[in-house]
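Taking it in order: structure first as structure tokens, then the write-up.
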Amino acid sequence: VGLVGAALTALMPQLVTKFAAGVSELAPLGIFAAVMALAFFGLAVKRGGWRLAALTGIASAFAILSSAHHVWPFTVVAAYIGVQAIADFLSRKQVASALYAPASFAAGAVAGNFLLSSYKLVPLGADTLAFGTVLLVLVTAFSALLWLLQKYRIAEKYKLGNAKLLAGVLAASVVILAISPYGGKIFGYINAGILTASGSNALYKTVQEGAATNPGYFPSAFGAINPNTILVLATAIAITSAFVAIWRKKSHVYALAFGAAAAAIVFFNSYVDAVLKVIADSTAQSSPQFSLLLNFVSTSDVFIYMMVSMLSAFLAYVYSEERDPLALLTVLIVFPASYAGLTRVKYLLYVGLALAFAVPFILGEFGKVARTLNAMFKAASE
């Protein structure tokens with residue numbers, strides 16, 4: 001499966017063109033550094049150990065020193081750390097070594113910010129750390145808190161279930177964010193990234209690179225691979241993997257309910273968009289950043305696919321005996337990058353990178369589903 005991703009990266013026309021020697025458009029070194037940071041982080045998460053974690057920190061610092069493209073891996077990793085910590089806590093699988101990669105990535109980001117400030121001769125102060133780095137530090141602290149709660153068996157000591165204790169921690173976190181400046185900043189940070197990708201400036205859209213992406217570009221950029229088809233297949237296999245994992249745990253009702261709900265959201269996403277639009281309009285005055293985020297989500301099917309795939313990867317990890325921590329990370333890599341490239345032709349390169357992750361993800365999840373079904377029905381011997 002990994003060789004498939006490598007082959008796509010090496011042979012896809014869009015990637016070959018943009019990474020050719022002498023090309024400076026979109027700062028290829030910055031994009032390479034961003035992908036390298038994600039790759040090392042994925043390796044450190046999958047295999048563990050402090051050596052790979054140390055390389056992750058170096059790659060993180062290199063990414064922030066290379067270009068503004070570091071915003072993509074930093075946002076992806078921050079979201080992954082928070083959601084994966086919750087999945088580990090619920091499945092009671094969180095270990096100390098799982099903190100190596102997040103802590104090292106955050107430390108590398110902090111070091112990169114200080115080095116960048118020193119290079120620019122900017123005095124150190126409250127603005128030295130970019131908010132993406134602050135977000136990494138916050139979610140790493142959240143992950144460490146959940147690990148400590150599990151290590152010292154707080155749920156057992158106070159006769160609480162893991163789910164109840166987690167609900168309390170999440171509720172307290174929401175309250176803290178709501179009364180602190182960081183709550184609005186998180187939504188603002190996400191919205192700023194989406195605004196950059198979508199190119200909301202009308203004047204910029206008159207420039208060729210700011211134009212909307214046309215499906216007519218796909219054959220010359222990606223060959224026979226259609227990004228829209230791949231995103232649908234990735235969502236479908238993620239749903240299937242979660243359904244099979246839940247079914248195998250004898251939770252048949254939950255499996256059927258999840259499968260029906262996920263399929264309904266995907267097939268009738270226009271109705272979901274309408275509901276999100278109503279919520280966005282009703283919260284426009286009280287929570288403008290949250291309202292703006294919902295408006296963005298309601299304008300693209302990619303966000304619907306991403307949310308369904310994230311939930312599927314989360315449930316598959318919690319319920320499956322063959323837990324793969326990279327499934328959720330891959331989902332978070334693929335869909336935001338695809339949104340950028342499918343919205344503006346300038347970022348079409350990101351779609352190529354997303355496909356290099358998405359196709360192996362589909363093959364890997366298909367193999368996981370096949371192995372699970374074989375274990376359930378004994379269709380073939382080892």
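Residue numbers start at 1 in each chain; chains themselves are named A, B, ... in the order of the structure tokens; ligands are numbered from 1 in the order shown.
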Practice item. Taking the DSSP assignment computed from this structure's backbone, write out as a ChimeraX atom specification all residues of stretch 24-67 of chain A that belong to helix (DSSP H, G or I). Key: /A:28-47,50-66
Exercise for review: Find the residues near stretch 180-191 of chain A: any atom within 10 Å, counting only C-alpha atoms, skip ones fewer than 6 places away on the same chain, and give them as an MDAnalysis selection string.
Suggested key: chainID A and resid 71 75 131:132 134:135 138 173:174 197 287:294 296
Could I get the residues of stretch 241-271 of chain A with an atom no further than 10 Å from an atom of stretch 362-368 of chain A, each paired with its nearest atom pair and that distance in Å to one decimal, using only C-alpha atoms, sorted by chain and residue number, as CSV?
```
residue,atom,partner,partner_atom,distance
A:Ser241,CA,A:Glu365,CA,6.6
A:Ala242,CA,A:Glu365,CA,9.9
A:Val244,CA,A:Lys368,CA,9.8
A:Ala245,CA,A:Lys368,CA,9.7
```
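Each of A:Ser282, A:Ser298, A:Ser143, A:Asn226 was compared to A:Asp88 using only C-alpha atoms, and A:Ser143 turns out to be the nearest.
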Practice item. Identify, on the basis of only C-alpha atoms, every residue whose closest approach to A:Tyr100 does not exceed 8 Å; exclude the query and any residue fewer than 2 positions from it along the same chain; express the result as JSON, numbers by chain. Key: {"A": [44, 48, 49, 50, 53, 96, 97, 98, 102, 103, 104]}
Practice item. Compile the contact shell of A:Ala141 as a VMD selection string: residues with an atom at most 10 Å away, counting only C-alpha atoms, same-chain residues fewer than 4 positions apart removed. Key: chain A and resid 81 to 82 99 102 to 103 135 to 137 145 to 147
**Study point:** Two-atom distance - atom CA of A:Pro219, atom CA of A:Pro28 (Å)
**Key:**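 Atom CA of A:Pro28 lies at a distance of 22.0 Å from atom CA of A:Pro219.
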Check your understanding: A:Arg92: which residues within 9 Å, counting only C-alpha atoms, same-chain residues fewer than 5 positions away excluded, as a PyMOL selection string?
Key -> chain A and resi 87+150+162
May I have the residues from that selection written out with C-alpha atoms, as an mmCIF file, in the first residue's frame?
```
data_model
loop_
_atom_site.group_PDB
_atom_site.id
_atom_site.type_symbol
_atom_site.label_atom_id
_atom_site.label_comp_id
_atom_site.auth_asym_id
_atom_site.auth_seq_id
_atom_site.Cartn_x
_atom_site.Cartn_y
_atom_site.Cartn_z
ATOM 1 C CA ALA A 87 -10.342 7.754 21.130
ATOM 2 C CA GLN A 150 -6.183 7.133 32.897
ATOM 3 C CA ASN A 162 -14.647 6.693 31.263
#
```
Point to revise | Distance criterion (only C-alpha atoms): nearest to A:Ala316 out of A:Ala255, A:Ser338, A:Ala356, A:Val278 | key: A:Ala255
Practice item. Provide the atom CA of A:Ile86 to atom CA of A:Val302 distance in Å, to one decimal place. Key: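 These atoms are spaced 23.9 Å apart.
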Check your understanding: By how many Å are atom CA of A:Leu165 and atom CA of A:Arg153 apart?
Key -> 10.8 Å
Practice item. Could you give me, as a list in words, the residues within 8 Å of stretch 66-69 of chain A, counting only C-alpha atoms and dropping anything in the same chain fewer than 5 positions from it? Key: Ala27, Leu29, Gly30, Ile31, Ala33 and Ala34 of chain A
For the selection you just gave me, I'd like the residues written to a file as a PDB file, in the first residue's frame, keeping C-alpha atoms.
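Final output, saved to out_28.pdb:
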```pdb
ATOM      1  CA  ALA A  27       7.319  27.297  -2.756  1.00  0.00           C
ATOM      2  CA  LEU A  29      10.449  23.378  -0.568  1.00  0.00           C
ATOM      3  CA  GLY A  30       7.759  24.567   1.845  1.00  0.00           C
ATOM      4  CA  ILE A  31       5.282  21.974   0.598  1.00  0.00           C
ATOM      5  CA  ALA A  33       8.690  20.311   4.384  1.00  0.00           C
ATOM      6  CA  ALA A  34       4.970  20.187   5.222  1.00  0.00           C
TER       7      ALA A  34
END
```
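The shell of residues at most 10 Å from A:Met307, with only C-alpha atoms counted and near chain neighbours (fewer than 5 positions) removed, consists of A:Thr235, A:Ala262, A:Ile265, A:Val297, A:Val302, A:Ser312, A:Ala313, A:Val331, A:Leu332, A:Phe335.
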Suppose we keep all heavy atoms; can you now write the selection as a compact mmCIF listing (two decimals), in the first residue's frame?
```txt
# COMPACT_ATOMS: atom_id res chain seq x y z
N THR A 235 -14.71 7.99 1.66
CA THR A 235 -15.78 8.12 2.65
C THR A 235 -16.53 6.81 2.80
O THR A 235 -16.83 6.36 3.91
CB THR A 235 -16.75 9.24 2.24
OG1 THR A 235 -16.03 10.46 2.05
CG2 THR A 235 -17.82 9.45 3.30
N ALA A 262 -24.98 7.57 8.62
CA ALA A 262 -23.86 8.02 7.78
C ALA A 262 -24.25 8.04 6.31
O ALA A 262 -23.94 9.01 5.59
CB ALA A 262 -22.65 7.10 7.99
N ILE A 265 -26.56 11.01 5.61
CA ILE A 265 -25.85 12.29 5.58
C ILE A 265 -25.12 12.47 4.26
O ILE A 265 -25.12 13.55 3.66
CB ILE A 265 -24.87 12.40 6.76
CG1 ILE A 265 -25.65 12.51 8.08
CG2 ILE A 265 -23.95 13.60 6.60
CD1 ILE A 265 -24.77 12.43 9.30
N VAL A 297 -18.90 25.18 5.87
CA VAL A 297 -19.18 23.74 5.83
C VAL A 297 -20.38 23.45 4.93
O VAL A 297 -20.40 22.44 4.20
CB VAL A 297 -19.43 23.21 7.26
CG1 VAL A 297 -19.92 21.77 7.23
CG2 VAL A 297 -18.17 23.32 8.10
N VAL A 302 -17.18 18.44 0.43
CA VAL A 302 -15.93 17.91 0.98
C VAL A 302 -15.97 17.92 2.50
O VAL A 302 -15.52 16.98 3.16
CB VAL A 302 -14.73 18.71 0.46
CG1 VAL A 302 -13.44 18.25 1.15
CG2 VAL A 302 -14.58 18.54 -1.04
N SER A 312 -16.26 8.01 11.32
CA SER A 312 -16.08 6.59 10.98
C SER A 312 -14.73 6.08 11.45
O SER A 312 -14.63 5.00 12.05
CB SER A 312 -16.22 6.41 9.47
OG SER A 312 -17.49 6.82 9.01
N ALA A 313 -13.67 6.84 11.18
CA ALA A 313 -12.33 6.44 11.61
C ALA A 313 -12.24 6.38 13.13
O ALA A 313 -11.59 5.49 13.69
CB ALA A 313 -11.29 7.40 11.05
N VAL A 331 -7.41 10.81 7.09
CA VAL A 331 -8.65 11.53 6.78
C VAL A 331 -8.44 13.04 6.95
O VAL A 331 -8.86 13.84 6.10
CB VAL A 331 -9.80 11.04 7.69
CG1 VAL A 331 -11.00 12.00 7.61
CG2 VAL A 331 -10.23 9.64 7.30
N LEU A 332 -7.77 13.42 8.03
CA LEU A 332 -7.54 14.84 8.30
C LEU A 332 -6.55 15.45 7.31
O LEU A 332 -6.57 16.67 7.07
CB LEU A 332 -7.02 15.02 9.72
CG LEU A 332 -8.06 14.78 10.82
CD1 LEU A 332 -7.39 14.68 12.18
CD2 LEU A 332 -9.08 15.91 10.83
N PHE A 335 -8.89 15.44 3.24
CA PHE A 335 -10.06 16.25 2.90
C PHE A 335 -9.80 17.76 2.93
O PHE A 335 -10.22 18.47 2.00
CB PHE A 335 -11.24 15.86 3.79
CG PHE A 335 -11.81 14.52 3.43
CD1 PHE A 335 -11.36 13.37 4.06
CD2 PHE A 335 -12.77 14.40 2.44
CE1 PHE A 335 -11.86 12.12 3.72
CE2 PHE A 335 -13.29 13.16 2.09
CZ PHE A 335 -12.84 12.02 2.73
```
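Minimum atom-to-atom distance to A:Phe74, evaluated using only C-alpha atoms, belongs to A:Phe41 out of A:Phe361, A:Phe41, A:Tyr317, A:Phe222.
Nearest to A:Ile246 of all the residues A:Leu233, A:Leu160, A:Val318, A:Val122 is A:Val318, counting only C-alpha atoms.
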